[in-house]
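As stored in data-v8.cif (mmCIF, C-alpha atoms (C1' of nucleotides)):
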```
data_input
loop_
_atom_site.label_atom_id
_atom_site.label_comp_id
_atom_site.auth_asym_id
_atom_site.auth_seq_id
_atom_site.Cartn_x
_atom_site.Cartn_y
_atom_site.Cartn_z
CA MET A 1 180.35 -60.67 -57.22
CA PRO A 2 179.38 -60.44 -53.59
CA THR A 3 180.43 -57.47 -51.54
CA ASP A 4 184.01 -57.88 -50.49
CA HIS A 5 184.35 -57.77 -46.75
CA ALA A 6 187.97 -58.36 -46.03
CA THR A 7 188.71 -59.38 -49.55
CA LYS A 8 192.37 -58.66 -49.70
CA THR A 9 193.94 -59.99 -46.55
CA PRO A 10 196.39 -57.36 -45.28
CA THR A 11 199.15 -59.92 -45.76
CA ILE A 12 200.61 -58.67 -42.48
CA GLU A 13 199.17 -61.39 -40.27
CA PRO A 14 199.95 -60.74 -36.63
CA ILE A 15 202.25 -63.34 -35.10
CA ARG A 16 200.49 -65.13 -32.25
CA ARG A 17 202.36 -67.25 -29.77
CA ASP A 18 201.10 -70.71 -28.96
CA THR A 19 200.60 -70.58 -25.21
CA ARG A 20 198.77 -72.87 -22.84
CA GLN A 21 196.16 -70.20 -22.14
CA ARG A 22 195.54 -69.46 -25.78
CA ARG A 23 195.04 -73.15 -26.48
CA ALA A 24 192.68 -73.49 -23.53
CA VAL A 25 190.49 -70.63 -24.74
CA ARG A 26 190.45 -71.94 -28.29
CA ASP A 27 189.52 -75.42 -27.11
CA ALA A 28 186.83 -74.26 -24.72
CA LEU A 29 185.31 -72.15 -27.45
CA ALA A 30 185.43 -75.00 -29.92
CA HIS A 31 183.53 -77.25 -27.55
CA ALA A 32 180.82 -74.70 -26.78
CA LYS A 33 177.70 -75.11 -28.88
CA ALA A 34 176.45 -71.67 -27.91
CA PHE A 35 177.71 -68.12 -27.88
CA VAL A 36 179.63 -67.60 -24.66
CA SER A 37 180.88 -64.51 -22.91
CA ALA A 38 184.43 -63.95 -21.75
CA GLN A 39 183.29 -64.19 -18.15
CA GLU A 40 181.48 -67.46 -18.75
CA LEU A 41 184.43 -68.97 -20.58
CA HIS A 42 186.74 -67.84 -17.81
CA ALA A 43 184.54 -69.38 -15.15
CA ALA A 44 184.27 -72.61 -17.13
CA LEU A 45 188.03 -72.86 -17.54
CA ARG A 46 188.62 -72.21 -13.86
CA GLU A 47 186.20 -74.95 -12.92
CA THR A 48 188.19 -77.46 -14.89
CA GLY A 49 191.22 -76.44 -12.89
CA ASP A 50 192.75 -74.21 -15.52
CA ARG A 51 194.72 -71.35 -14.04
CA ILE A 52 194.05 -68.43 -16.33
CA GLY A 53 193.38 -64.77 -15.79
CA LEU A 54 190.19 -63.04 -16.87
CA ALA A 55 192.09 -60.40 -18.80
CA THR A 56 193.86 -63.14 -20.70
CA VAL A 57 190.55 -64.63 -21.74
CA TYR A 58 189.35 -61.23 -22.93
CA ARG A 59 192.52 -60.73 -24.93
CA ALA A 60 192.48 -64.21 -26.43
CA LEU A 61 188.84 -63.90 -27.50
CA ALA A 62 189.42 -60.47 -29.00
CA ASP A 63 192.29 -61.89 -31.05
CA LEU A 64 190.27 -64.87 -32.21
CA ALA A 65 187.53 -62.54 -33.34
CA GLY A 66 190.06 -60.32 -35.04
CA ASP A 67 191.47 -63.29 -36.90
CA ALA A 68 187.95 -64.26 -37.99
CA GLU A 69 188.22 -67.49 -36.05
CA ALA A 70 185.24 -66.58 -33.92
CA ASP A 71 181.91 -64.91 -34.49
CA VAL A 72 180.88 -62.09 -32.21
CA ILE A 73 177.48 -61.03 -31.07
CA GLN A 74 176.30 -58.34 -28.66
CA SER A 75 173.75 -59.75 -26.25
CA ASP A 76 170.79 -57.68 -25.13
CA ASP A 77 172.21 -57.36 -21.67
CA GLY A 78 175.36 -55.73 -22.94
CA GLU A 79 177.71 -58.65 -23.02
CA THR A 80 179.95 -59.54 -25.94
CA ARG A 81 179.58 -63.21 -26.77
CA TYR A 82 181.81 -65.38 -28.91
CA ARG A 83 181.46 -68.59 -30.86
CA ALA A 84 183.85 -70.65 -32.90
CA CYS A 85 182.84 -70.52 -36.57
CA ASP A 86 181.72 -73.86 -37.96
CA THR A 87 182.47 -72.67 -41.44
CA ASP A 88 184.74 -70.11 -42.98
CA ALA A 89 182.00 -69.05 -45.35
CA HIS A 90 179.76 -66.10 -44.62
CA HIS A 91 176.75 -67.22 -42.62
CA HIS A 92 174.11 -66.25 -40.08
CA HIS A 93 172.74 -67.77 -36.89
CA VAL A 94 169.61 -69.33 -35.52
CA ILE A 95 169.89 -69.12 -31.75
CA CYS A 96 167.83 -70.77 -29.02
CA ARG A 97 166.70 -68.28 -26.41
CA GLU A 98 166.57 -71.01 -23.77
CA CYS A 99 169.73 -73.06 -24.12
CA GLY A 100 171.75 -70.99 -26.54
CA LEU A 101 172.03 -73.77 -29.11
CA THR A 102 173.20 -72.13 -32.29
CA VAL A 103 172.90 -73.27 -35.89
CA GLU A 104 174.69 -71.61 -38.77
CA VAL A 105 172.71 -70.95 -41.92
CA GLN A 106 173.27 -69.47 -45.34
CA ALA A 107 171.15 -68.36 -48.27
CA ASP A 108 172.29 -66.58 -51.38
CA THR A 109 168.81 -65.30 -52.01
CA VAL A 110 168.83 -63.31 -48.82
CA GLU A 111 172.38 -62.17 -49.38
CA ARG A 112 171.34 -60.75 -52.71
CA TRP A 113 168.30 -59.08 -51.21
CA LEU A 114 170.39 -57.47 -48.50
CA ALA A 115 172.85 -56.18 -51.07
CA SER A 116 170.14 -54.83 -53.33
CA VAL A 117 168.31 -53.09 -50.51
CA ALA A 118 171.48 -51.28 -49.53
CA ALA A 119 172.13 -50.30 -53.14
CA GLU A 120 168.55 -49.11 -53.64
CA HIS A 121 169.05 -46.61 -50.87
CA GLY A 122 172.38 -45.47 -52.20
CA PHE A 123 174.47 -47.22 -49.59
CA VAL A 124 177.87 -48.59 -50.52
CA GLU A 125 180.27 -50.99 -48.83
CA ALA A 126 177.33 -52.72 -47.20
CA GLU A 127 177.66 -55.45 -44.63
CA HIS A 128 174.94 -56.90 -42.47
CA THR A 129 174.00 -58.90 -39.43
CA VAL A 130 171.12 -61.34 -39.40
CA ASN A 131 170.14 -63.28 -36.33
CA ILE A 132 167.14 -65.47 -35.71
CA PHE A 133 166.12 -66.13 -32.13
CA GLY A 134 163.64 -68.79 -31.14
CA MET A 135 163.21 -71.88 -29.03
CA CYS A 136 164.86 -75.04 -30.30
CA ALA A 137 162.90 -78.26 -30.65
CA GLU A 138 164.35 -79.78 -27.52
CA CYS A 139 163.62 -76.80 -25.29
CA ALA A 140 160.14 -76.50 -26.77
CA ARG A 141 159.49 -80.15 -25.90
CA ALA A 142 160.76 -79.63 -22.37
CA ARG A 143 158.05 -77.07 -21.85
CA MET B 1 147.28 -65.12 -15.94
CA PRO B 2 149.45 -66.50 -18.70
CA THR B 3 153.02 -65.40 -18.42
CA ASP B 4 153.63 -65.52 -22.15
CA HIS B 5 156.32 -63.20 -23.40
CA ALA B 6 154.84 -60.45 -25.48
CA THR B 7 152.90 -62.64 -27.79
CA LYS B 8 149.43 -61.30 -27.23
CA THR B 9 149.53 -57.67 -26.16
CA PRO B 10 149.06 -57.90 -22.40
CA THR B 11 146.11 -55.48 -22.47
CA ILE B 12 147.50 -54.39 -19.12
CA GLU B 13 149.34 -51.41 -20.50
CA PRO B 14 151.48 -49.81 -17.86
CA ILE B 15 150.26 -46.37 -16.85
CA ARG B 16 152.84 -43.75 -17.76
CA ARG B 17 152.65 -40.22 -16.52
CA ASP B 18 153.04 -37.35 -18.90
CA THR B 19 155.97 -35.47 -17.43
CA ARG B 20 158.16 -32.74 -18.84
CA GLN B 21 161.15 -35.06 -18.87
CA ARG B 22 159.31 -37.87 -20.59
CA ARG B 23 158.13 -35.47 -23.27
CA ALA B 24 161.63 -34.09 -23.75
CA VAL B 25 163.08 -37.54 -24.30
CA ARG B 26 160.31 -38.52 -26.66
CA ASP B 27 160.75 -35.33 -28.67
CA ALA B 28 164.50 -35.51 -28.83
CA LEU B 29 164.26 -39.09 -30.02
CA ALA B 30 161.67 -38.21 -32.62
CA HIS B 31 163.91 -35.55 -34.09
CA ALA B 32 166.98 -37.77 -34.27
CA LYS B 33 167.53 -39.37 -37.64
CA ALA B 34 170.00 -41.84 -36.22
CA PHE B 35 170.20 -44.32 -33.38
CA VAL B 36 171.30 -42.45 -30.26
CA SER B 37 172.57 -43.62 -26.90
CA ALA B 38 171.14 -42.55 -23.56
CA GLN B 39 174.29 -40.58 -22.84
CA GLU B 40 174.15 -38.76 -26.15
CA LEU B 41 170.48 -37.93 -25.74
CA HIS B 42 171.12 -36.70 -22.24
CA ALA B 43 173.98 -34.49 -23.39
CA ALA B 44 171.89 -33.12 -26.23
CA LEU B 45 169.01 -32.29 -23.91
CA ARG B 46 171.29 -30.57 -21.44
CA GLU B 47 172.77 -28.44 -24.19
CA THR B 48 169.35 -27.13 -25.06
CA GLY B 49 168.99 -26.09 -21.45
CA ASP B 50 166.80 -28.98 -20.37
CA ARG B 51 167.32 -29.90 -16.77
CA ILE B 52 167.07 -33.66 -16.71
CA GLY B 53 168.94 -36.43 -14.95
CA LEU B 54 170.85 -39.13 -16.76
CA ALA B 55 169.03 -41.87 -14.87
CA THR B 56 165.74 -40.38 -16.00
CA VAL B 57 166.83 -40.57 -19.62
CA TYR B 58 167.80 -44.20 -19.16
CA ARG B 59 164.45 -44.99 -17.58
CA ALA B 60 162.46 -43.10 -20.19
CA LEU B 61 164.24 -44.79 -23.08
CA ALA B 62 163.82 -48.21 -21.52
CA ASP B 63 160.09 -47.57 -21.22
CA LEU B 64 159.80 -46.35 -24.79
CA ALA B 65 161.54 -49.48 -25.97
CA GLY B 66 159.31 -51.60 -23.78
CA ASP B 67 156.24 -49.96 -25.26
CA ALA B 68 157.55 -50.64 -28.77
CA GLU B 69 157.77 -46.93 -29.43
CA ALA B 70 161.49 -47.14 -30.02
CA ASP B 71 163.81 -49.60 -31.71
CA VAL B 72 166.87 -50.76 -29.87
CA ILE B 73 170.25 -51.78 -31.16
CA GLN B 74 173.45 -52.82 -29.41
CA SER B 75 176.42 -50.99 -30.85
CA ASP B 76 179.73 -52.77 -31.27
CA ASP B 77 181.26 -50.79 -28.45
CA GLY B 78 178.64 -52.01 -26.04
CA GLU B 79 176.27 -49.08 -26.00
CA THR B 80 172.53 -49.46 -26.25
CA ARG B 81 171.15 -47.13 -28.89
CA TYR B 82 167.57 -46.09 -29.48
CA ARG B 83 165.56 -44.72 -32.37
CA ALA B 84 161.94 -43.69 -32.71
CA CYS B 85 160.12 -46.07 -35.04
CA ASP B 86 158.95 -44.44 -38.27
CA THR B 87 156.35 -47.12 -38.69
CA ASP B 88 154.45 -49.43 -36.39
CA ALA B 89 154.91 -52.25 -38.84
CA HIS B 90 157.72 -54.75 -38.46
CA HIS B 91 160.82 -53.52 -40.26
CA HIS B 92 164.60 -53.55 -40.44
CA HIS B 93 167.33 -50.94 -40.80
CA VAL B 94 169.93 -49.73 -43.23
CA ILE B 95 172.40 -47.70 -41.21
CA CYS B 96 175.20 -45.41 -42.32
CA ARG B 97 178.44 -46.18 -40.55
CA GLU B 98 179.62 -42.59 -40.96
CA CYS B 99 176.70 -40.35 -40.06
CA GLY B 100 174.26 -42.82 -38.58
CA LEU B 101 171.52 -42.02 -41.08
CA THR B 102 168.99 -44.80 -40.78
CA VAL B 103 166.39 -45.99 -43.27
CA GLU B 104 163.66 -48.45 -42.40
CA VAL B 105 162.98 -51.23 -44.86
CA GLN B 106 160.61 -54.15 -45.20
CA ALA B 107 160.32 -57.21 -47.40
CA ASP B 108 157.88 -60.06 -47.05
CA THR B 109 160.13 -62.35 -49.03
CA VAL B 110 162.86 -62.11 -46.46
CA GLU B 111 160.41 -62.36 -43.61
CA ARG B 112 159.16 -65.61 -45.03
CA TRP B 113 162.68 -66.90 -45.51
CA LEU B 114 163.58 -66.08 -41.94
CA ALA B 115 160.50 -67.84 -40.67
CA SER B 116 161.09 -70.91 -42.80
CA VAL B 117 164.73 -71.21 -41.81
CA ALA B 118 163.76 -71.20 -38.17
CA ALA B 119 161.06 -73.80 -38.79
CA GLU B 120 163.41 -76.00 -40.82
CA HIS B 121 165.66 -76.27 -37.82
CA GLY B 122 162.80 -76.98 -35.48
CA PHE B 123 162.79 -73.59 -33.82
CA VAL B 124 159.49 -72.12 -32.67
CA GLU B 125 158.44 -68.63 -31.60
CA ALA B 126 161.09 -67.21 -33.87
CA GLU B 127 161.96 -63.55 -34.00
CA HIS B 128 164.89 -61.94 -35.73
CA THR B 129 167.05 -58.90 -36.17
CA VAL B 130 168.37 -57.75 -39.51
CA ASN B 131 170.64 -54.76 -39.87
CA ILE B 132 172.49 -53.51 -42.89
CA PHE B 133 175.49 -51.24 -42.33
CA GLY B 134 177.08 -49.24 -45.08
CA MET B 135 177.97 -45.74 -46.16
CA CYS B 136 175.12 -43.57 -47.35
CA ALA B 137 175.30 -41.75 -50.68
CA GLU B 138 176.07 -38.42 -49.09
CA CYS B 139 178.92 -39.70 -46.93
CA ALA B 140 180.30 -41.66 -49.87
CA ARG B 141 180.31 -38.49 -51.96
CA ALA B 142 182.05 -36.57 -49.20
CA ARG B 143 184.94 -38.99 -49.45
"C1'" DT C 1 145.91 -38.18 -1.77
"C1'" DT C 2 148.97 -41.49 -3.77
"C1'" DA C 3 151.47 -44.05 -6.78
"C1'" DG C 4 154.62 -43.28 -10.47
"C1'" DG C 5 158.56 -40.16 -11.86
"C1'" DT C 6 162.85 -37.64 -10.84
"C1'" DG C 7 167.66 -36.64 -9.24
"C1'" DC C 8 171.77 -37.65 -7.30
"C1'" DA C 9 175.19 -40.43 -5.82
"C1'" DA C 10 176.61 -45.00 -4.97
"C1'" DA C 11 176.94 -49.45 -6.71
"C1'" DA C 12 177.04 -52.99 -10.10
"C1'" DC C 13 178.89 -54.71 -14.33
"C1'" DC C 14 181.61 -55.60 -18.19
"C1'" DT C 15 185.89 -54.52 -20.35
"C1'" DT C 16 190.35 -52.34 -20.87
"C1'" DT C 17 194.94 -51.00 -19.28
"C1'" DG C 18 199.42 -50.34 -16.77
"C1'" DC C 19 203.11 -52.80 -15.24
"C1'" DA C 20 206.24 -56.32 -13.72
"C1'" DC C 21 207.19 -60.86 -14.74
"C1'" DA C 22 207.00 -65.33 -17.54
"C1'" DC C 23 208.11 -67.80 -21.48
"C1'" DA C 24 207.67 -69.06 -26.68
"C1'" DG C 25 210.30 -68.68 -30.64
"C1'" DC D 1 217.90 -62.95 -26.05
"C1'" DT D 2 213.46 -60.44 -27.35
"C1'" DG D 3 209.28 -59.29 -27.53
"C1'" DT D 4 204.59 -61.30 -27.06
"C1'" DG D 5 201.61 -63.14 -23.56
"C1'" DT D 6 200.06 -63.34 -18.72
"C1'" DG D 7 198.19 -61.95 -14.14
"C1'" DC D 8 196.55 -58.81 -11.04
"C1'" DA D 9 194.73 -54.84 -9.63
"C1'" DA D 10 193.30 -50.33 -10.86
"C1'" DA D 11 190.82 -47.60 -13.95
"C1'" DG D 12 187.22 -46.59 -17.41
"C1'" DG D 13 182.66 -46.64 -19.25
"C1'" DT D 14 177.85 -47.74 -19.33
"C1'" DT D 15 173.73 -48.83 -16.92
"C1'" DT D 16 171.17 -49.78 -12.64
"C1'" DT D 17 169.56 -48.90 -8.02
"C1'" DG D 18 168.47 -46.95 -3.32
"C1'" DC D 19 166.17 -43.36 -1.40
"C1'" DA D 20 164.14 -38.97 -0.38
"C1'" DC D 21 161.53 -35.68 -2.72
"C1'" DC D 22 158.28 -34.11 -6.43
"C1'" DT D 23 154.10 -34.07 -9.00
"C1'" DA D 24 150.60 -35.74 -12.42
"C1'" DA D 25 146.18 -37.57 -12.14
#
```

As a first step, turn the structure in this file into structure tokens.
Amino acid sequence: MPTDHATKTPTIEPIRRDTRQRRAVRDALAHAKAFVSAQELHAALRETGDRIGLATVYRALADLAGDAEADVIQSDDGETRYRACDTDAHHHHVICRECGLTVEVQADTVERWLASVAAEHGFVEAEHTVNIFGMCAECARAR
Amino acid sequence: MPTDHATKTPTIEPIRRDTRQRRAVRDALAHAKAFVSAQELHAALRETGDRIGLATVYRALADLAGDAEADVIQSDDGETRYRACDTDAHHHHVICRECGLTVEVQADTVERWLASVAAEHGFVEAEHTVNIFGMCAECARAR
DNA sequence: TTAGGTGCAAAACCTTTGCACACAG
DNA sequence: CTGTGTGCAAAGGTTTTGCACCTAA
């Protein structure tokens, strides 16, 4: 039995309205193959002619993350970046430092190791973050 | 001069002066058992009567991190937190969500998995970050 | 002597919030 | 209708920077 993260859904799902802005953010995120920041997403939407406020983008992304519809990562330069989850299952990321290309990966072996390490040290309710950064094949070739 | 990242130690170690402030930051960090932010460290130093500027703390911590003398982590609330490395060897962390207690851990098995996953997807020059968050035995007991 | 370090305040950034108004349900 | 969502600008928080002065080497 793997560690339960949000095992029992609080049943009380927040009611979200289906607005044009919300759809735009969701779509833009779905089409991004890399982790993007709120500012970047906002700029991208504006370029396509979408009229949407920056605060709205922040709020929409925060909600998506809260609803587990998007993964979140803190970049080194202090930005919060989001990405639409490819899968609902627990997973990790391999991210290209150059272009941002991100691949989702999983491995029970590692999951078990992570859990056992936490237990060995007496830690309970353990969660974890695993991220692999490198240069993708294409960017490496372009060098 | 090859501009490679930090692959081969650049021999050209920056010359750092041994100042009172630098020592204070280094010491304070060494005595902290958890990851601390620049602001926290600054506040702590001031409380002990140390006269030191916030900007100086930021600069000192950035240098320590650059010299691989401190580990860095981005907290969820967007703060950059530092911790003196217990070991020079590559390692990961098990962090208590309550008190911040941090334990360094290593495991070749996982290292190999991380490397192979990156390779499988065609990524080169792969690095990674692994962090386990949980509640340490003591904090769990205190519940 | 002289280059790196320090302090302070200003500036730069990212993100959140208050509030009036718009609009989905 | 009602209450969530939106926009804008202001505010909040962290980190960086410009610049004159200090000081280790």

Can you measure atom CA of B:Val124 to atom CA of A:Gly134 for me? One decimal in Å is fine. 5.5 Å

I need the residue set behind the PyMOL selection byres ((chain A) within 10 of (chain B)) for this file; please write it as a tab-separated table (two decimals) with C-alpha atoms, in the coordinates of the input.
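Contents of out_24.tsv, freshly written:
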```
chain	number	residue	atom	x	y	z
A	72	VAL	CA	180.88	-62.09	-32.21
A	73	ILE	CA	177.48	-61.03	-31.07
A	74	GLN	CA	176.30	-58.34	-28.66
A	75	SER	CA	173.75	-59.75	-26.25
A	76	ASP	CA	170.79	-57.68	-25.13
A	77	ASP	CA	172.21	-57.36	-21.67
A	78	GLY	CA	175.36	-55.73	-22.94
A	79	GLU	CA	177.71	-58.65	-23.02
A	80	THR	CA	179.95	-59.54	-25.94
A	93	HIS	CA	172.74	-67.77	-36.89
A	94	VAL	CA	169.61	-69.33	-35.52
A	95	ILE	CA	169.89	-69.12	-31.75
A	96	CYS	CA	167.83	-70.77	-29.02
A	97	ARG	CA	166.70	-68.28	-26.41
A	103	VAL	CA	172.90	-73.27	-35.89
A	105	VAL	CA	172.71	-70.95	-41.92
A	106	GLN	CA	173.27	-69.47	-45.34
A	107	ALA	CA	171.15	-68.36	-48.27
A	109	THR	CA	168.81	-65.30	-52.01
A	110	VAL	CA	168.83	-63.31	-48.82
A	111	GLU	CA	172.38	-62.17	-49.38
A	113	TRP	CA	168.30	-59.08	-51.21
A	114	LEU	CA	170.39	-57.47	-48.50
A	115	ALA	CA	172.85	-56.18	-51.07
A	117	VAL	CA	168.31	-53.09	-50.51
A	118	ALA	CA	171.48	-51.28	-49.53
A	119	ALA	CA	172.13	-50.30	-53.14
A	121	HIS	CA	169.05	-46.61	-50.87
A	122	GLY	CA	172.38	-45.47	-52.20
A	123	PHE	CA	174.47	-47.22	-49.59
A	124	VAL	CA	177.87	-48.59	-50.52
A	125	GLU	CA	180.27	-50.99	-48.83
A	126	ALA	CA	177.33	-52.72	-47.20
A	127	GLU	CA	177.66	-55.45	-44.63
A	128	HIS	CA	174.94	-56.90	-42.47
A	129	THR	CA	174.00	-58.90	-39.43
A	130	VAL	CA	171.12	-61.34	-39.40
A	131	ASN	CA	170.14	-63.28	-36.33
A	132	ILE	CA	167.14	-65.47	-35.71
A	133	PHE	CA	166.12	-66.13	-32.13
A	134	GLY	CA	163.64	-68.79	-31.14
A	135	MET	CA	163.21	-71.88	-29.03
A	136	CYS	CA	164.86	-75.04	-30.30
A	137	ALA	CA	162.90	-78.26	-30.65
A	138	GLU	CA	164.35	-79.78	-27.52
A	139	CYS	CA	163.62	-76.80	-25.29
A	140	ALA	CA	160.14	-76.50	-26.77
```

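In this structure, atom CA of B:His31 sits 24.4 Å away from atom CA of B:Arg141.
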
Find, counting all atoms listed in the file, the residue in A:Gln39, A:Ala24, A:Ala60, A:Asp86 that gets nearest to chain D.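 Ranked by minimum distance to chain D, first place goes to A:Ala60.
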
Counting only C-alpha atoms (C1' of nucleotides), a student should be able to say which residues of chain C come within 8 Å of chain B; what is the right answer, written as a list in words? DG4, DG5, DT6 and DG7 of chain C

Resolved residues for the PyMOL selection byres ((chain D and resi 9) around 12) as number ranges by chain: A: 53-55; C: 17-19; D: 7-8, 10-11

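Atom pair atom CA of B:Asp63 / atom CA of B:Cys99 has a distance of 26.1 Å (rounded to one decimal).
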
Each residue of chain D with at least one atom at most 8 Å from chain A should appear once, together with its nearest atom pair and the corresponding distance in Å (one decimal); atoms considered: all atoms listed in the file; ordering: chain, then increasing residue number; output as a Markdown table.
```
| residue | atom | partner | partner_atom | distance |
| --- | --- | --- | --- | --- |
| D:DT4 | C1' | A:Arg17 | CA | 6.9 |
| D:DG5 | C1' | A:Arg17 | CA | 7.5 |
| D:DT6 | C1' | A:Thr56 | CA | 6.5 |
| D:DG7 | C1' | A:Gly53 | CA | 5.8 |
```

Complete stretch 94-101 of chain A at the level of all heavy atoms, written as a PDB file, in the frame of the given file.
```pdb
ATOM      1  N   VAL A  94     170.921 -69.086 -36.104  1.00  0.00           N
ATOM      2  CA  VAL A  94     169.610 -69.330 -35.520  1.00  0.00           C
ATOM      3  C   VAL A  94     169.948 -69.736 -34.093  1.00  0.00           C
ATOM      4  O   VAL A  94     170.669 -70.720 -33.884  1.00  0.00           O
ATOM      5  CB  VAL A  94     168.855 -70.493 -36.213  1.00  0.00           C
ATOM      6  CG1 VAL A  94     167.464 -70.612 -35.617  1.00  0.00           C
ATOM      7  CG2 VAL A  94     168.790 -70.260 -37.707  1.00  0.00           C
ATOM      8  N   ILE A  95     169.498 -68.934 -33.140  1.00  0.00           N
ATOM      9  CA  ILE A  95     169.890 -69.120 -31.750  1.00  0.00           C
ATOM     10  C   ILE A  95     168.712 -69.423 -30.829  1.00  0.00           C
ATOM     11  O   ILE A  95     167.678 -68.758 -30.895  1.00  0.00           O
ATOM     12  CB  ILE A  95     170.592 -67.839 -31.250  1.00  0.00           C
ATOM     13  CG1 ILE A  95     171.746 -67.490 -32.205  1.00  0.00           C
ATOM     14  CG2 ILE A  95     171.072 -68.013 -29.828  1.00  0.00           C
ATOM     15  CD1 ILE A  95     172.226 -66.061 -32.057  1.00  0.00           C
ATOM     16  N   CYS A  96     168.894 -70.425 -29.969  1.00  0.00           N
ATOM     17  CA  CYS A  96     167.830 -70.770 -29.020  1.00  0.00           C
ATOM     18  C   CYS A  96     167.896 -69.842 -27.814  1.00  0.00           C
ATOM     19  O   CYS A  96     168.933 -69.726 -27.166  1.00  0.00           O
ATOM     20  CB  CYS A  96     167.966 -72.218 -28.560  1.00  0.00           C
ATOM     21  SG  CYS A  96     166.718 -72.659 -27.323  1.00  0.00           S
ATOM     22  N   ARG A  97     166.764 -69.228 -27.540  1.00  0.00           N
ATOM     23  CA  ARG A  97     166.700 -68.280 -26.410  1.00  0.00           C
ATOM     24  C   ARG A  97     166.885 -68.995 -25.078  1.00  0.00           C
ATOM     25  O   ARG A  97     167.321 -68.399 -24.094  1.00  0.00           O
ATOM     26  CB  ARG A  97     165.325 -67.596 -26.401  1.00  0.00           C
ATOM     27  CG  ARG A  97     165.254 -66.321 -27.203  1.00  0.00           C
ATOM     28  CD  ARG A  97     163.948 -65.602 -26.915  1.00  0.00           C
ATOM     29  NE  ARG A  97     162.811 -66.347 -27.422  1.00  0.00           N
ATOM     30  CZ  ARG A  97     162.210 -66.107 -28.593  1.00  0.00           C
ATOM     31  NH1 ARG A  97     162.644 -65.133 -29.347  1.00  0.00           N
ATOM     32  NH2 ARG A  97     161.185 -66.828 -28.984  1.00  0.00           N
ATOM     33  N   GLU A  98     166.501 -70.280 -25.017  1.00  0.00           N
ATOM     34  CA  GLU A  98     166.570 -71.010 -23.770  1.00  0.00           C
ATOM     35  C   GLU A  98     167.967 -71.551 -23.483  1.00  0.00           C
ATOM     36  O   GLU A  98     168.569 -71.229 -22.470  1.00  0.00           O
ATOM     37  CB  GLU A  98     165.589 -72.191 -23.798  1.00  0.00           C
ATOM     38  CG  GLU A  98     164.139 -71.793 -23.979  1.00  0.00           C
ATOM     39  CD  GLU A  98     163.591 -71.081 -22.755  1.00  0.00           C
ATOM     40  OE1 GLU A  98     163.888 -71.502 -21.629  1.00  0.00           O
ATOM     41  OE2 GLU A  98     162.839 -70.085 -22.943  1.00  0.00           O
ATOM     42  N   CYS A  99     168.463 -72.377 -24.387  1.00  0.00           N
ATOM     43  CA  CYS A  99     169.730 -73.060 -24.120  1.00  0.00           C
ATOM     44  C   CYS A  99     170.919 -72.493 -24.897  1.00  0.00           C
ATOM     45  O   CYS A  99     172.047 -72.898 -24.671  1.00  0.00           O
ATOM     46  CB  CYS A  99     169.597 -74.547 -24.441  1.00  0.00           C
ATOM     47  SG  CYS A  99     169.393 -74.891 -26.197  1.00  0.00           S
ATOM     48  N   GLY A 100     170.636 -71.576 -25.804  1.00  0.00           N
ATOM     49  CA  GLY A 100     171.750 -70.990 -26.540  1.00  0.00           C
ATOM     50  C   GLY A 100     172.206 -71.764 -27.763  1.00  0.00           C
ATOM     51  O   GLY A 100     173.034 -71.288 -28.537  1.00  0.00           O
ATOM     52  N   LEU A 101     171.666 -72.952 -27.943  1.00  0.00           N
ATOM     53  CA  LEU A 101     172.030 -73.770 -29.110  1.00  0.00           C
ATOM     54  C   LEU A 101     172.034 -72.895 -30.357  1.00  0.00           C
ATOM     55  O   LEU A 101     171.087 -72.159 -30.604  1.00  0.00           O
ATOM     56  CB  LEU A 101     171.016 -74.906 -29.288  1.00  0.00           C
ATOM     57  CG  LEU A 101     171.136 -75.675 -30.617  1.00  0.00           C
ATOM     58  CD1 LEU A 101     172.389 -76.529 -30.632  1.00  0.00           C
ATOM     59  CD2 LEU A 101     169.907 -76.521 -30.845  1.00  0.00           C
TER      60      LEU A 101
END
```
